[in-house]
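Asks: You'll find work.cif just under this line, and it carries mmCIF, C-alpha atoms and all ligand atoms.
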```cif
data_protein
loop_
_atom_site.label_atom_id
_atom_site.label_comp_id
_atom_site.auth_asym_id
_atom_site.auth_seq_id
_atom_site.Cartn_x
_atom_site.Cartn_y
_atom_site.Cartn_z
CA SER Z 1 33.50 -33.44 26.10
CA VAL Z 2 33.64 -35.01 29.55
CA LEU Z 3 35.67 -31.98 30.74
CA GLU Z 4 32.55 -29.81 30.73
CA TYR Z 5 31.11 -31.77 33.65
CA ASN Z 6 31.75 -30.68 37.23
CA GLU Z 7 33.53 -32.85 39.77
CA LEU Z 8 30.46 -34.37 41.40
CA THR Z 9 28.98 -35.30 38.01
CA LEU Z 10 32.25 -36.90 36.93
CA ASP Z 11 32.32 -38.85 40.18
CA HIS Z 12 28.81 -40.22 39.54
CA PHE Z 13 29.83 -41.04 35.98
CA GLN Z 14 33.04 -42.81 36.98
CA ASN Z 15 31.68 -44.48 40.14
CA PRO Z 16 27.96 -44.82 39.52
CA ARG Z 17 25.92 -45.87 42.57
CA ASN Z 18 23.29 -48.59 42.51
CA VAL Z 19 24.05 -50.11 39.11
CA GLY Z 20 22.28 -53.36 38.22
CA VAL Z 21 18.92 -55.00 38.68
CA VAL Z 22 17.07 -55.31 42.00
CA GLU Z 23 16.34 -58.94 42.78
CA ASN Z 24 12.73 -59.50 43.77
CA ASN Z 25 11.87 -56.15 42.26
CA ASN Z 26 8.21 -55.16 42.14
CA GLY Z 27 8.51 -52.18 39.82
CA TYR Z 28 10.10 -51.83 36.41
CA GLY Z 29 10.57 -48.81 34.16
CA LYS Z 30 12.40 -48.38 30.88
CA VAL Z 31 12.64 -45.12 29.01
CA GLY Z 32 14.37 -44.11 25.82
CA GLU Z 33 15.34 -40.61 24.82
CA ALA Z 34 14.27 -40.19 21.21
CA GLY Z 35 16.72 -37.38 20.45
CA CYS Z 36 19.93 -39.19 21.38
CA GLY Z 37 18.87 -42.85 21.54
CA ASP Z 38 19.96 -43.30 25.17
CA ILE Z 39 18.06 -45.79 27.31
CA CYS Z 40 17.59 -46.04 31.08
CA GLU Z 41 16.11 -48.99 32.92
CA ILE Z 42 15.11 -48.82 36.60
CA THR Z 43 14.09 -51.66 38.89
CA LEU Z 44 12.92 -51.09 42.41
CA ARG Z 45 11.47 -52.79 45.44
CA ILE Z 46 8.69 -50.93 47.23
CA GLU Z 47 7.42 -51.98 50.65
CA LYS Z 48 4.75 -50.05 52.54
CA ASP Z 49 5.10 -47.18 50.05
CA ALA Z 50 8.84 -46.82 50.72
CA ILE Z 51 11.55 -47.51 48.14
CA LYS Z 52 13.62 -50.20 49.86
CA ASP Z 53 15.94 -50.72 46.92
CA ILE Z 54 16.47 -49.13 43.52
CA LYS Z 55 18.99 -49.83 40.77
CA PHE Z 56 19.58 -48.68 37.24
CA ARG Z 57 21.16 -49.75 33.98
CA VAL Z 58 21.88 -47.23 31.27
CA TYR Z 59 22.90 -47.33 27.68
CA GLY Z 60 24.00 -43.79 27.11
CA CYS Z 61 26.22 -40.80 27.67
CA ALA Z 62 28.13 -39.67 30.77
CA GLY Z 63 25.26 -37.34 31.69
CA ALA Z 64 22.72 -40.16 31.51
CA ILE Z 65 24.88 -42.37 33.72
CA ALA Z 66 25.59 -39.66 36.32
CA THR Z 67 21.98 -38.47 36.54
CA SER Z 68 20.67 -42.05 36.81
CA SER Z 69 23.10 -42.70 39.65
CA VAL Z 70 21.84 -39.53 41.38
CA VAL Z 71 18.18 -40.45 40.97
CA THR Z 72 18.77 -43.79 42.71
CA GLU Z 73 20.62 -42.00 45.54
CA MET Z 74 17.89 -39.40 45.95
CA THR Z 75 15.09 -41.96 46.14
CA ARG Z 76 16.57 -44.99 47.93
CA GLY Z 77 14.82 -45.39 51.30
CA LYS Z 78 12.35 -42.63 50.51
CA ASP Z 79 8.56 -42.58 50.35
CA ILE Z 80 7.13 -42.92 46.84
CA ASN Z 81 5.22 -39.64 47.22
CA TYR Z 82 8.56 -37.90 47.73
CA ALA Z 83 10.12 -39.70 44.76
CA LEU Z 84 7.22 -38.70 42.52
CA GLN Z 85 7.72 -35.04 43.42
CA LEU Z 86 11.28 -35.00 42.12
CA ASN Z 87 11.89 -33.52 38.69
CA ASP Z 88 14.84 -33.04 36.36
CA ASP Z 89 15.65 -29.64 37.90
CA ASP Z 90 16.14 -31.32 41.29
CA VAL Z 91 18.65 -33.71 39.71
CA VAL Z 92 20.57 -30.87 38.04
CA GLU Z 93 20.54 -28.95 41.33
CA TYR Z 94 21.79 -31.98 43.28
CA LEU Z 95 24.72 -32.22 40.88
CA GLY Z 96 25.43 -28.50 41.10
CA GLY Z 97 24.67 -27.98 37.41
CA LEU Z 98 24.99 -29.77 34.08
CA PRO Z 99 26.29 -28.45 30.75
CA GLU Z 100 23.36 -26.82 28.93
CA LYS Z 101 23.24 -29.35 26.10
CA LYS Z 102 23.24 -32.18 28.66
CA LYS Z 103 20.22 -30.96 30.63
CA HIS Z 104 17.86 -33.31 28.81
CA CYS Z 105 19.86 -36.29 30.17
CA SER Z 106 18.51 -35.53 33.64
CA LEU Z 107 14.98 -36.45 32.52
CA LEU Z 108 15.83 -39.99 31.53
CA ALA Z 109 16.14 -41.61 34.96
CA ILE Z 110 13.37 -39.45 36.47
CA LYS Z 111 11.01 -40.76 33.80
CA ALA Z 112 12.16 -44.36 34.26
CA MET Z 113 11.80 -44.07 38.06
CA ARG Z 114 8.26 -42.69 37.69
CA GLN Z 115 7.42 -45.47 35.28
CA ALA Z 116 8.71 -48.09 37.74
CA ILE Z 117 6.49 -46.64 40.49
CA TYR Z 118 3.56 -46.61 38.07
CA ASP Z 119 4.31 -50.24 37.25
CA TYR Z 120 4.28 -51.12 40.96
CA LEU Z 121 1.00 -49.29 41.66
CA LEU Z 122 -0.64 -50.77 38.58
CA ASN Z 123 0.38 -54.33 39.37
CA ARG Z 124 -0.77 -53.95 42.95
CA ARG Z 125 -4.19 -52.80 41.76
CA LEU Z 126 -4.46 -55.47 39.08
CA LYS Z 127 -3.88 -58.16 41.71
CA GLU Z 128 -6.78 -56.80 43.76
CA SER Z 129 -9.13 -56.33 40.82
CA GLN Z 130 -11.24 -58.44 38.52
CA ILE Z 131 -10.29 -57.56 34.98
CA SER Z 132 -12.57 -58.87 32.29
CA SER Z 133 -12.16 -56.36 29.50
CA ARG Z 134 -9.91 -53.80 27.94
CA GLU Z 135 -12.19 -51.08 29.40
CA ASP Z 136 -11.66 -52.40 32.93
CA PHE Z 137 -7.94 -52.13 32.37
CA ASP Z 138 -8.22 -48.61 30.94
CA ILE Z 139 -10.26 -47.46 33.94
CA ILE Z 140 -7.66 -48.80 36.36
CA ASP Z 141 -4.82 -47.38 34.28
CA ASN Z 142 -6.50 -43.98 34.39
CA GLU Z 143 -7.06 -44.20 38.15
CA ILE Z 144 -3.39 -45.01 38.71
CA MET Z 145 -2.37 -42.01 36.59
CA GLN Z 146 -4.64 -39.81 38.74
CA GLU Z 147 -3.18 -41.36 41.88
CA ILE Z 148 0.35 -40.56 40.68
CA ILE Z 149 -0.62 -36.95 39.98
CA SER Z 150 -2.15 -36.55 43.42
CA ARG Z 151 0.80 -38.23 45.16
CA SER Z 152 3.25 -35.97 43.33
CA ASN Z 153 1.37 -32.91 44.60
CA GLN Z 154 1.32 -33.87 48.26
FE1 LIG K 201 20.83 -37.92 25.65
FE2 LIG K 201 22.67 -37.89 27.50
S1 LIG K 201 22.89 -37.25 25.44
S2 LIG K 201 20.69 -38.76 27.62
#
```
Just give me the structure as structure tokens.

Replies:
Amino acid sequence: SVLEYNELTLDHFQNPRNVGVVENNNGYGKVGEAGCGDICEITLRIEKDAIKDIKFRVYGCAGAIATSSVVTEMTRGKDINYALQLNDDDVVEYLGGLPEKKKHCSLLAIKAMRQAIYDYLLNRRLKESQISSREDFDIIDNEIMQEIISRSNQ
């Protein structure tokens, strides 16, 4: 039940920060959790590699709502390299713990945020590139994945 959550988590559940859709967004991510069916959508606006704005919408449990709220707070105004280094443990730590069976909720928004940054980087590259085949796209897609891995290790 909701009583298992600590005070900070309940606060983020009852007063979630940054709910909605960023206007003029240039990155979009949507992730579903197969186990429970919850869905998180993130939109963000990146300028000069900094997250100027980030918002979320969730269809899901209290844990999914609270952790999504936290992910937007942790990443708003931050460099994308920093955002890509965050993981679900950082979210749980920020909240001061989550009930054991709710730990998986903390992955939802992290994944959606990463996907939105991927979407931004991919679209930026596609604008600069000449794509004439599926292989061209796959090469770029692969390069962006490598870029994300290197950025998240910086
Ligand atoms: Fe699955 Fe919360 S129960 S995201």

Asks: Mind giving me the axis-aligned box for ligand LIG 201 (chain K) with 6 Å on every side, centre plus edges in Å to one decimal, as AutoDock Vina command-line options?

Replies:
```
--center_x 21.8 --center_y -38.0 --center_z 26.5 --size_x 14.2 --size_y 13.5 --size_z 14.2
```

Asks: To one decimal in Å, tell me the separation between atom CA of Z:Ile131 and atom CA of Z:Asp119.

Replies: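 Interatomic distance, atom CA of Z:Ile131 to atom CA of Z:Asp119: 16.5 Å.
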
Asks: When distances are computed from all atoms listed in the file, which of Z:Glu73, Z:Leu84, Z:Asp79, Z:Ala66 shows the smallest separation from Z:Asn15?

Replies: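 Answer, going by the shortest atom-to-atom distance: Z:Ala66.
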
Asks: Could you name the residues that touch Z:Ala50 at 6 Å or less, counting only C-alpha atoms, but leaving out those on the same chain fewer than 3 positions away, as a ChimeraX atom specification?

Replies: /Z:46-47,78-80

Asks: Would you pick out the contacts of Z:Ile144 at 12 Å or less, using all atoms listed in the file, so that residues sharing its chain but fewer than 2 positions from it are not included, and give the list as a list in words?

Replies: Arg114, Gln115, Ile117, Tyr118, Asp119, Tyr120, Leu121, Leu122, Asn123, Arg124, Arg125, Leu126, Phe137, Asp138, Ile139, Ile140, Asp141, Asn142, Gln146, Glu147, Ile148, Ile149, Ser150 and Arg151 of chain Z

Asks: Could I get stretch 12-28 of chain Z rebuilt with N, CA and C atoms, written as a PDB file, in the frame of the given file?

Replies:
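Full text of result15.pdb as output:
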```pdb
ATOM      1  N   HIS Z  12      29.964 -39.319  39.760  1.00  0.00           N
ATOM      2  CA  HIS Z  12      28.810 -40.220  39.540  1.00  0.00           C
ATOM      3  C   HIS Z  12      28.928 -40.973  38.223  1.00  0.00           C
ATOM      4  N   PHE Z  13      29.608 -40.363  37.255  1.00  0.00           N
ATOM      5  CA  PHE Z  13      29.830 -41.040  35.980  1.00  0.00           C
ATOM      6  C   PHE Z  13      30.874 -42.151  36.126  1.00  0.00           C
ATOM      7  N   GLN Z  14      31.951 -41.835  36.862  1.00  0.00           N
ATOM      8  CA  GLN Z  14      33.040 -42.810  36.980  1.00  0.00           C
ATOM      9  C   GLN Z  14      32.778 -43.878  38.040  1.00  0.00           C
ATOM     10  N   ASN Z  15      32.031 -43.518  39.075  1.00  0.00           N
ATOM     11  CA  ASN Z  15      31.680 -44.480  40.140  1.00  0.00           C
ATOM     12  C   ASN Z  15      30.171 -44.485  40.359  1.00  0.00           C
ATOM     13  N   PRO Z  16      29.417 -44.896  39.367  1.00  0.00           N
ATOM     14  CA  PRO Z  16      27.960 -44.820  39.520  1.00  0.00           C
ATOM     15  C   PRO Z  16      27.466 -45.685  40.672  1.00  0.00           C
ATOM     16  N   ARG Z  17      26.512 -45.143  41.443  1.00  0.00           N
ATOM     17  CA  ARG Z  17      25.920 -45.870  42.570  1.00  0.00           C
ATOM     18  C   ARG Z  17      24.721 -46.682  42.078  1.00  0.00           C
ATOM     19  N   ASN Z  18      24.525 -47.809  42.724  1.00  0.00           N
ATOM     20  CA  ASN Z  18      23.290 -48.590  42.510  1.00  0.00           C
ATOM     21  C   ASN Z  18      23.083 -49.053  41.059  1.00  0.00           C
ATOM     22  N   VAL Z  19      24.146 -49.568  40.472  1.00  0.00           N
ATOM     23  CA  VAL Z  19      24.050 -50.110  39.110  1.00  0.00           C
ATOM     24  C   VAL Z  19      23.580 -51.565  39.183  1.00  0.00           C
ATOM     25  N   GLY Z  20      22.693 -51.953  38.302  1.00  0.00           N
ATOM     26  CA  GLY Z  20      22.280 -53.360  38.220  1.00  0.00           C
ATOM     27  C   GLY Z  20      20.775 -53.500  38.239  1.00  0.00           C
ATOM     28  N   VAL Z  21      20.346 -54.663  38.672  1.00  0.00           N
ATOM     29  CA  VAL Z  21      18.920 -55.000  38.680  1.00  0.00           C
ATOM     30  C   VAL Z  21      18.561 -55.460  40.099  1.00  0.00           C
ATOM     31  N   VAL Z  22      17.517 -54.898  40.663  1.00  0.00           N
ATOM     32  CA  VAL Z  22      17.070 -55.310  42.000  1.00  0.00           C
ATOM     33  C   VAL Z  22      16.439 -56.691  41.912  1.00  0.00           C
ATOM     34  N   GLU Z  23      16.972 -57.609  42.702  1.00  0.00           N
ATOM     35  CA  GLU Z  23      16.340 -58.940  42.780  1.00  0.00           C
ATOM     36  C   GLU Z  23      15.020 -58.802  43.500  1.00  0.00           C
ATOM     37  N   ASN Z  24      14.059 -59.601  43.159  1.00  0.00           N
ATOM     38  CA  ASN Z  24      12.730 -59.500  43.770  1.00  0.00           C
ATOM     39  C   ASN Z  24      12.128 -58.117  43.589  1.00  0.00           C
ATOM     40  N   ASN Z  25      12.447 -57.478  42.466  1.00  0.00           N
ATOM     41  CA  ASN Z  25      11.870 -56.150  42.260  1.00  0.00           C
ATOM     42  C   ASN Z  25      10.370 -56.255  42.036  1.00  0.00           C
ATOM     43  N   ASN Z  26       9.646 -55.186  42.417  1.00  0.00           N
ATOM     44  CA  ASN Z  26       8.210 -55.160  42.140  1.00  0.00           C
ATOM     45  C   ASN Z  26       7.812 -53.917  41.357  1.00  0.00           C
ATOM     46  N   GLY Z  27       8.803 -53.289  40.716  1.00  0.00           N
ATOM     47  CA  GLY Z  27       8.510 -52.180  39.820  1.00  0.00           C
ATOM     48  C   GLY Z  27       9.595 -52.090  38.763  1.00  0.00           C
ATOM     49  N   TYR Z  28       9.164 -51.863  37.523  1.00  0.00           N
ATOM     50  CA  TYR Z  28      10.100 -51.830  36.410  1.00  0.00           C
ATOM     51  C   TYR Z  28       9.763 -50.661  35.481  1.00  0.00           C
TER      52      TYR Z  28
END
```
